[in-house]
Each structure stands twice: as structure tokens, then as C-alpha cells.
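Asker: Take a look at the following structure, please.
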Amino acid sequence: MDGRLAAHDSIRESPVIPRVVSQTIGGNALAAAFISGAAPPGWYEQTPSGAESWRERAETVRSTTSQDWLTRLAPAFEATGNAKQRLEASANGRGVVVTTGQQPGLFGGPIYTLSKALSALAFANALEQAIGVPVAPVFWAATDDTDFKEASSTVVSVTGGPRLLRIDHPETLGRTMASMPLGEVSDQLEALTQGAGATIDRVPLDLLAQFYTKKQTVGSAYVSFLRALFEPLGIAVIDASHPATRAAASPVLSEALRKAPEVAAVVSERNHDIEQGGYSIQVQDVPGLSLVFTSASGGRKRIPIKAAAKQKVSDDMGPNVLLRPVIERAILPTATYIGGPAEIAYFAQISPIADTLGVARPAIVPRWSCTVIEPHVEKILEKLYLLPEDLRDPHEVETRVARSRLSEEVLAEIDKTRAMLDERLDALTRAVDEGATPVAPAVTGGLHANLLRRLDRFERRLIAATKRQHAETMTEIATARGSLYPFGKPQERSLNFVPLLARYGPPLREEMLREAERHATRLLGASSISEPEQAAVAGRVES
């Protein structure tokens, strides 16, 4: 076995496959406006609608991208197999690519790493079929990111709730993940493996053991693992920190330094427009700093605008989050980027940057999103008559279930006592008010509140005692919540995807891809999603 996902010698017969529930990605108000087609004109590159429109986009992209892009970037891909074939088919002006990406996450990161990759694959497949030219899916591994907090932890779901796995930084913070040593992670990897439980496909876990070693950096382990996992599917992974990527990006970085004052001005103007439109700015402006980072002094810092024009591009320089999509579009024939809600929001800030630098505007479409409901979680939901969204609140379900375990007589007597207190205390207040020596309303009001508070406290103690009596049920609820909303966050944003692949094998991935393909078909057919989906998005605004 070559350590790649294509080898399935360890796969046994698959168990019942989890239910994969597609959902809108939510997001802040600006992302919701874009998805529903209500974003102000000019803020985004227009999304094509229908095959002919996408064919025109592909032609424009091919004509505005250097034909030797793959020759220059091949070392940064190190692509093999299906991924290499698809890249080569799209090279030399013959086709385009569909991109997505993510900064490194521990052991591959949360489920949306996989969701994004499958979104890009599904959309590339659908676009290729619709317009009749080669389309290659590409995953941009942002190893030039410095957010160690994001890259150093992951969550695994176990019986009784979620478990957070975290690694320490062996070097000073501020380094890129490409240069941050991984350190010793054997204990965390063992915990993730144990959390996977009974498996039918050991390959994803074996790949983690192969690449997450002390010899690797946080970034290199991430890139190697994703390549081994995604390339057999036809998804190429480009390393943002590779010298070839940096060399290809150099002209845009140079222009961003030369025109730093102009770029700062148009970004400030767009940010003002966004706020005037009633939206929040996704990426806050830092006055006086360019969009180019340097790590020459060890830590990663933005180059001041005053010094930018005098700087020559060097290997230690890279783009910030707003400049990165502009560079990606400049060096790759990207028909569109597949992005999440935060990315959609900050793409509104990007178009004036591209215009100022003379680079084609990058386009974006919303990624596919899902929740994976495993069979044991499904049974808990059915047993307790719960919906997945009921578990968003950290305590409400436990209280509701425990209260339902109290006898009807107890609940009735509590309600009667509360009603009686209201009635008698109202009567007492009237009597005092009509007496010869009335007291301040606060006195009787305080008595009322104090007695009802004592009754509420008594009810809470009864419920707490019931929770202890039904500890097994409470554990089941915690288990379901740990799978669907670990630590209060949506599953897709926090739960590691590797245990799921190990437990259910390729059939789960194939089911996820089928759902992503339905999403891709909808994206190809219209510039915005359907009215029911628009309403759902508008109703799910996240910060």
C-alpha cells in the first residue's frame, strides 16, 4: 500500500451510513445578502447563471491567465495520479480550475475542510460537464497563516460529550505554520484514534500516523495528509508557502507594495460603503499598514505603507487575507472560489484591490454545508423526540427532559402553588394599599418576587435531582450534543472529520459527494439560490 486513500485493503463491509443533511451555510448579514442575490452591485464579481454564462466566464479566465501557470506551479502541487491528470488537462489554456482552501487544522481540521474539498470537486465536475472544457479542483493549503491557536486543536466526539485535543507550540508564536515545528503529537493522535472507536477503514488514521510526526511542521503535515487523502479523488493541493507559489505571486506582491497608498485608500472607501450599507466589515482595516506581510525579523508583520514602495519582494513576504484571493486569481485560471460565509463577506472588500492592482477580480460562490447525523445519535434523537437543532442550547434539552420525568401530580401542584401565590399576594397587596398605614409598593413587590423565586429554586432542585436519577439519559443527551454541537459550535466548524471517515469508510464520503453535487447543480443553474433557501439564510445570521 502506498499510503494513499486509493488503497482499501483494510476496508471491511460498511455499517449503516450516517444521514447527511445538507444545509445553508448561514453567515453574517453581508454573506446572506450575497447568497440571496441582494448584495449591492459592484461589490462582487458577478456570478454566472447557466451553462453559457459559465462558458463565457471560463473563456475570460483562460484568456487572462498565463498559459504556463502549471509549469511554474507544478513543484508547489507535487500532484500525482488523478489530481495530476486533471491539472494537466486544464493547463496550457485548455481549461480552468475551481479552488477552495483553508488554513492548517490539527489532524486535517474540522468537517468543513472535507466539505470544502468535496464542494470544489463536485462543482468542478458539474462545470466541466456543463461547459465542455477541462476543470480541475484545487485546494489552497494556507500554510503561510500564523494562527497557531486555530491550527493547534481539534475536537473528537466520544460517549458523554466532546473531547478537545490540543498541542503546544515548540517555538515562539508568530511563525507561519509552514515553519512551526509540529512537536510531539503521539498522545493526541492516540486519543483521536481511540475516539474513532470501531473502524472499517484504517487508511485515514494510518495516513495521520504517517505524516503527523516530529519531523514535520504544522503546515507540512497538513499538506502531506490532505494530498494523500484528496489526490485519489482528483483534488490537487497547492502549498501556499512553497517557493514556486511565492515566485508566482511576486509580481502581484511587488505591485501591492508599490501601490500601497492607493490600495489603502480604496479599501478604506469600500469599508465605509459596507458600513453605510448597514453591514459589518469582515476584515478590519489597520491604518498605516500595507497588505503585504514580512517575516524577516522572525515574527510575521505587515509592512508599513510609508516603507512599502522602497521594499523589494523577498522570499519571506506574503499576502494578508484580503490580498490572497487576488494573488490566487492572478496565478491560477480560477473560474470561481468555493467559500464559506466569512470568506464571502470579505470578498466584498477585495474587488477594489484587484482593480487597483490591475488583476482580474476573483469570483466566489457558496460552498456546500452539511451535518452528519450518525446512527447512534439518530437513535438518541428519536428516543427523546428531539431535533438536531434542539441541542444548540447547552442546557435546555436536559432541563426539558428532566422536567418531563417528574410526575404530573408534582408539576400540577407546582403550577397550582405558583397560581395561588400570585392570587394571595395580589390580595395582600390590595389589603395593604387600602389599610390605614400603606407601605411602599417595593415592599409588597419584593415579597412577591422573593416567594416566587423560592418556588422556582425548589423546582430547579427537583429537576436537578431528576437529572441525577436519570444519569444515563443525560449522558445520551451529552453524547448527541457532543456530536452535533460540540462545545456549543456547529458540528461542521469544530468536529474532526477523520474519525467519521474511519468509522464509515468511502460510502460516507460518496454520500457527502452526492449531496455536494446537488448543491453544485443549483449553483450552475442560477446566480442565486432558491427563495426557500434565501429565507433560510436570512434567518440564520451568525456573527
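Starting from 1 in every chain, residues are counted up; chains themselves are A, B, ... following the order of the C-alpha cells, and ligands are numbered from 1 as listed.
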Can you check which parts of range 209-279 of chain A lie within 8 Å of range 352-359 of chain A? Per residue, the shortest pair of atoms and distance in Å to one decimal, counting only C-alpha atoms, sorted by chain and number, as JSON lines.
Answerer:
```
{"residue": "A:Val252", "atom": "CA", "partner": "A:Leu357", "partner_atom": "CA", "distance": 7.4}
{"residue": "A:Glu255", "atom": "CA", "partner": "A:Leu357", "partner_atom": "CA", "distance": 6.4}
{"residue": "A:Ala256", "atom": "CA", "partner": "A:Leu357", "partner_atom": "CA", "distance": 6.7}
{"residue": "A:Lys259", "atom": "CA", "partner": "A:Leu357", "partner_atom": "CA", "distance": 7.5}
{"residue": "A:Glu262", "atom": "CA", "partner": "A:Thr356", "partner_atom": "CA", "distance": 7.3}
{"residue": "A:Val263", "atom": "CA", "partner": "A:Ile353", "partner_atom": "CA", "distance": 5.9}
{"residue": "A:Val266", "atom": "CA", "partner": "A:Pro352", "partner_atom": "CA", "distance": 6.0}
{"residue": "A:Val267", "atom": "CA", "partner": "A:Pro352", "partner_atom": "CA", "distance": 6.8}
{"residue": "A:Arg270", "atom": "CA", "partner": "A:Pro352", "partner_atom": "CA", "distance": 7.5}
```
Asker: Name the residues of range 10-112 of chain A that come out as strand (DSSP E or B) in a backbone DSSP run; write them as a PyMOL selection string.
Answerer: chain A and resi 19-23+96-102+110
Asker: Measuring between only C-alpha atoms, which one of A:Pro162, A:Pro181, A:Gly234, A:Pro170 shows the shortest distance to Ala83 in chain A?
Answerer: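 Using only C-alpha atoms, the shortest distance to Ala83 in chain A belongs to A:Gly234.
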Asker: Could you list, as number ranges by chain, every residue within 8 Å of Ser295 in chain A, counting only C-alpha atoms and ignoring same-chain residues fewer than 6 positions away?
Answerer: A: 175, 301, 316-317
Asker: Could you please take those selected residues and save N, CA, C and O atoms as a PDB file, in the first residue's frame?
Answerer:
```pdb
ATOM      1  N   ARG A 175       5.202  32.619  14.043  1.00  0.00           N
ATOM      2  CA  ARG A 175       5.771  31.962  12.862  1.00  0.00           C
ATOM      3  C   ARG A 175       4.629  31.461  11.966  1.00  0.00           C
ATOM      4  O   ARG A 175       3.530  31.183  12.441  1.00  0.00           O
ATOM      5  N   LYS A 301       4.836  40.283  10.259  1.00  0.00           N
ATOM      6  CA  LYS A 301       4.327  41.629  10.460  1.00  0.00           C
ATOM      7  C   LYS A 301       3.963  42.252   9.109  1.00  0.00           C
ATOM      8  O   LYS A 301       4.598  41.981   8.095  1.00  0.00           O
ATOM      9  N   ASP A 316      10.543  35.968   2.184  1.00  0.00           N
ATOM     10  CA  ASP A 316       9.859  35.991   3.477  1.00  0.00           C
ATOM     11  C   ASP A 316       8.588  36.829   3.440  1.00  0.00           C
ATOM     12  O   ASP A 316       7.975  37.075   4.475  1.00  0.00           O
ATOM     13  N   MET A 317       8.149  37.255   2.257  1.00  0.00           N
ATOM     14  CA  MET A 317       6.948  38.071   2.148  1.00  0.00           C
ATOM     15  C   MET A 317       5.759  37.256   1.668  1.00  0.00           C
ATOM     16  O   MET A 317       5.915  36.267   0.961  1.00  0.00           O
TER      17      MET A 317
END
```
Asker: Using DSSP assignments from the backbone, pull out every residue in range 66-297 of chain A that falls under helix (DSSP H, G or I) and give it to me as an MDAnalysis selection string.
Answerer: chainID A and resid 69:77 81:90 106:108 111:131 148:151 186:196 203:211 218:233 243:258 260:276
Asker: Could the residues in this selection be saved with C-alpha atoms as a tab-separated table (two decimals), in the first residue's frame?
Answerer:
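Okay, selection10.tsv is ready:
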```
chain	number	residue	atom	x	y	z
A	69	TRP	CA	0.83	28.53	-14.95
A	70	LEU	CA	1.15	24.81	-14.25
A	71	THR	CA	4.77	24.67	-15.38
A	72	ARG	CA	5.61	27.36	-12.84
A	73	LEU	CA	3.46	25.95	-10.04
A	74	ALA	CA	3.96	22.20	-10.51
A	75	PRO	CA	6.54	21.98	-7.66
A	76	ALA	CA	4.02	23.62	-5.30
A	77	PHE	CA	1.42	20.99	-6.21
A	81	GLY	CA	-2.44	10.32	-10.03
A	82	ASN	CA	-5.92	11.65	-10.74
A	83	ALA	CA	-5.10	15.11	-9.41
A	84	LYS	CA	-2.10	15.46	-11.72
A	85	GLN	CA	-4.13	14.29	-14.72
A	86	ARG	CA	-6.85	16.87	-14.11
A	87	LEU	CA	-4.33	19.69	-13.65
A	88	GLU	CA	-2.54	18.76	-16.86
A	89	ALA	CA	-5.81	18.57	-18.76
A	90	SER	CA	-6.61	22.14	-17.68
A	106	LEU	CA	-4.78	19.74	13.59
A	107	PHE	CA	-5.12	16.24	12.05
A	108	GLY	CA	-6.79	17.71	8.96
A	111	ILE	CA	-15.52	18.66	8.88
A	112	TYR	CA	-15.71	21.78	6.73
A	113	THR	CA	-12.18	21.02	5.45
A	114	LEU	CA	-13.70	17.94	3.84
A	115	SER	CA	-16.93	19.77	2.93
A	116	LYS	CA	-14.95	22.44	1.09
A	117	ALA	CA	-12.84	19.92	-0.80
A	118	LEU	CA	-15.88	17.91	-1.87
A	119	SER	CA	-17.65	21.15	-2.83
A	120	ALA	CA	-14.78	22.05	-5.16
A	121	LEU	CA	-14.72	18.54	-6.62
A	122	ALA	CA	-18.49	18.46	-7.18
A	123	PHE	CA	-18.56	21.91	-8.74
A	124	ALA	CA	-15.55	21.19	-10.97
A	125	ASN	CA	-17.23	18.00	-12.19
A	126	ALA	CA	-20.52	19.76	-12.85
A	127	LEU	CA	-18.87	22.74	-14.55
A	128	GLU	CA	-16.73	20.53	-16.75
A	129	GLN	CA	-19.81	18.63	-17.91
A	130	ALA	CA	-21.80	21.82	-18.48
A	131	ILE	CA	-19.28	23.84	-20.50
A	148	PHE	CA	-1.40	28.66	15.80
A	149	LYS	CA	-4.45	28.71	18.07
A	150	GLU	CA	-6.62	27.67	15.12
A	151	ALA	CA	-4.11	25.10	13.90
A	186	SER	CA	1.54	10.95	19.66
A	187	ASP	CA	-0.72	11.30	22.71
A	188	GLN	CA	-3.20	13.47	20.84
A	189	LEU	CA	-3.16	11.14	17.85
A	190	GLU	CA	-3.79	8.18	20.11
A	191	ALA	CA	-6.74	9.99	21.69
A	192	LEU	CA	-8.21	10.73	18.26
A	193	THR	CA	-7.73	7.09	17.23
A	194	GLN	CA	-9.46	5.89	20.38
A	195	GLY	CA	-12.25	8.38	19.75
A	196	ALA	CA	-12.79	6.85	16.32
A	203	VAL	CA	-6.46	4.30	5.92
A	204	PRO	CA	-7.24	7.87	7.15
A	205	LEU	CA	-5.87	7.04	10.61
A	206	ASP	CA	-2.79	5.37	9.12
A	207	LEU	CA	-2.15	8.46	7.00
A	208	LEU	CA	-2.26	10.65	10.10
A	209	ALA	CA	0.28	8.38	11.78
A	210	GLN	CA	2.45	8.54	8.67
A	211	PHE	CA	2.54	12.31	8.31
A	218	VAL	CA	2.28	22.03	11.33
A	219	GLY	CA	1.94	23.09	7.70
A	220	SER	CA	3.86	20.28	6.03
A	221	ALA	CA	1.96	17.58	7.97
A	222	TYR	CA	-1.33	19.19	6.92
A	223	VAL	CA	-0.34	19.41	3.25
A	224	SER	CA	1.03	15.87	3.07
A	225	PHE	CA	-2.04	14.41	4.76
A	226	LEU	CA	-4.51	16.27	2.54
A	227	ARG	CA	-2.62	15.30	-0.60
A	228	ALA	CA	-2.71	11.64	0.36
A	229	LEU	CA	-6.41	11.92	1.13
A	230	PHE	CA	-7.60	14.13	-1.74
A	231	GLU	CA	-5.40	13.35	-4.74
A	232	PRO	CA	-7.02	9.96	-5.48
A	233	LEU	CA	-10.31	11.84	-5.75
A	243	PRO	CA	8.90	28.77	-3.18
A	244	ALA	CA	7.15	28.18	-6.51
A	245	THR	CA	3.94	29.72	-5.18
A	246	ARG	CA	5.86	32.64	-3.74
A	247	ALA	CA	7.72	33.19	-7.00
A	248	ALA	CA	4.49	33.20	-9.00
A	249	ALA	CA	2.94	35.66	-6.54
A	250	SER	CA	5.93	38.00	-6.59
A	251	PRO	CA	4.67	40.40	-9.32
A	252	VAL	CA	1.39	40.99	-7.51
A	253	LEU	CA	3.15	41.45	-4.16
A	254	SER	CA	5.50	43.94	-5.81
A	255	GLU	CA	2.59	45.90	-7.23
A	256	ALA	CA	0.80	45.80	-3.85
A	257	LEU	CA	3.89	47.36	-2.26
A	258	ARG	CA	4.31	49.97	-4.98
A	260	ALA	CA	0.19	50.54	-1.09
A	261	PRO	CA	-1.25	54.07	-0.56
A	262	GLU	CA	-3.75	53.66	-3.40
A	263	VAL	CA	-4.77	50.21	-2.15
A	264	ALA	CA	-5.25	51.53	1.37
A	265	ALA	CA	-7.46	54.32	0.02
A	266	VAL	CA	-9.78	52.05	-1.96
A	267	VAL	CA	-10.04	49.56	0.90
A	268	SER	CA	-10.98	52.36	3.28
A	269	GLU	CA	-13.58	53.62	0.81
A	270	ARG	CA	-15.12	50.18	0.37
A	271	ASN	CA	-15.17	49.59	4.12
A	272	HIS	CA	-17.01	52.90	4.52
A	273	ASP	CA	-19.54	51.82	1.90
A	274	ILE	CA	-20.05	48.49	3.66
A	275	GLU	CA	-20.77	50.20	6.98
A	276	GLN	CA	-23.01	52.77	5.33
```
Asker: Find the distance between CA of Ser152 in chain A and CA of Ser494 in chain A and write it in Å to one decimal.
Answerer: 12.3 Å
Asker: Once you count only C-alpha atoms, what closest atom pair and distance in Å to one decimal does each residue of range 183-242 of chain A within 12 Å of range 324-344 of chain A have, with rows by chain and rising residue number, as JSON lines?
Answerer:
```
{"residue": "A:Ile238", "atom": "CA", "partner": "A:Glu328", "partner_atom": "CA", "distance": 10.6}
{"residue": "A:Asp239", "atom": "CA", "partner": "A:Glu328", "partner_atom": "CA", "distance": 11.7}
{"residue": "A:Ala240", "atom": "CA", "partner": "A:Glu328", "partner_atom": "CA", "distance": 9.5}
{"residue": "A:Ser241", "atom": "CA", "partner": "A:Arg324", "partner_atom": "CA", "distance": 11.9}
```
Asker: Report, in Å with one decimal, the straight-line distance from CA of Arg503 in chain A to CA of Gln216 in chain A.
Answerer: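 About the pair CA of Arg503 in chain A and CA of Gln216 in chain A: they are 26.5 Å apart.
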Asker: Hey, which of A:Ile17, A:Val286, A:Leu165, A:Ala31 ends up closest to Ile364 in chain A? Count only C-alpha atoms.
Answerer: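 Checking each of A:Ile17, A:Val286, A:Leu165, A:Ala31 against Ile364 in chain A, counting only C-alpha atoms, the winner is A:Ala31.
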Asker: Residues within 7 Å of Gln103 in chain A, please, as a compact mmCIF listing (two decimals) with all heavy atoms, in the first residue's frame. Count only C-alpha atoms; anything in the same chain fewer than 6 positions from it doesn't count.
Answerer:
```
# COMPACT_ATOMS: atom_id res chain seq x y z
N ALA A 141 -3.87 25.21 0.40
CA ALA A 141 -3.48 25.00 1.79
C ALA A 141 -2.71 26.22 2.27
O ALA A 141 -1.56 26.44 1.88
CB ALA A 141 -2.64 23.74 1.93
N ALA A 142 -3.34 27.03 3.10
CA ALA A 142 -2.77 28.32 3.52
C ALA A 142 -1.76 28.13 4.64
O ALA A 142 -1.96 28.57 5.78
CB ALA A 142 -3.87 29.27 3.94
N THR A 143 -0.66 27.50 4.31
CA THR A 143 0.38 27.23 5.31
C THR A 143 1.17 28.47 5.69
O THR A 143 1.99 28.41 6.61
CB THR A 143 1.35 26.16 4.78
OG1 THR A 143 1.90 26.61 3.53
CG2 THR A 143 0.64 24.84 4.56
N ASP A 145 -0.24 30.96 6.96
CA ASP A 145 -1.01 31.52 8.06
C ASP A 145 -0.23 31.40 9.37
O ASP A 145 0.57 30.46 9.54
CB ASP A 145 -2.36 30.79 8.18
CG ASP A 145 -3.30 31.48 9.14
OD1 ASP A 145 -3.92 32.47 8.74
OD2 ASP A 145 -3.39 31.03 10.30
```
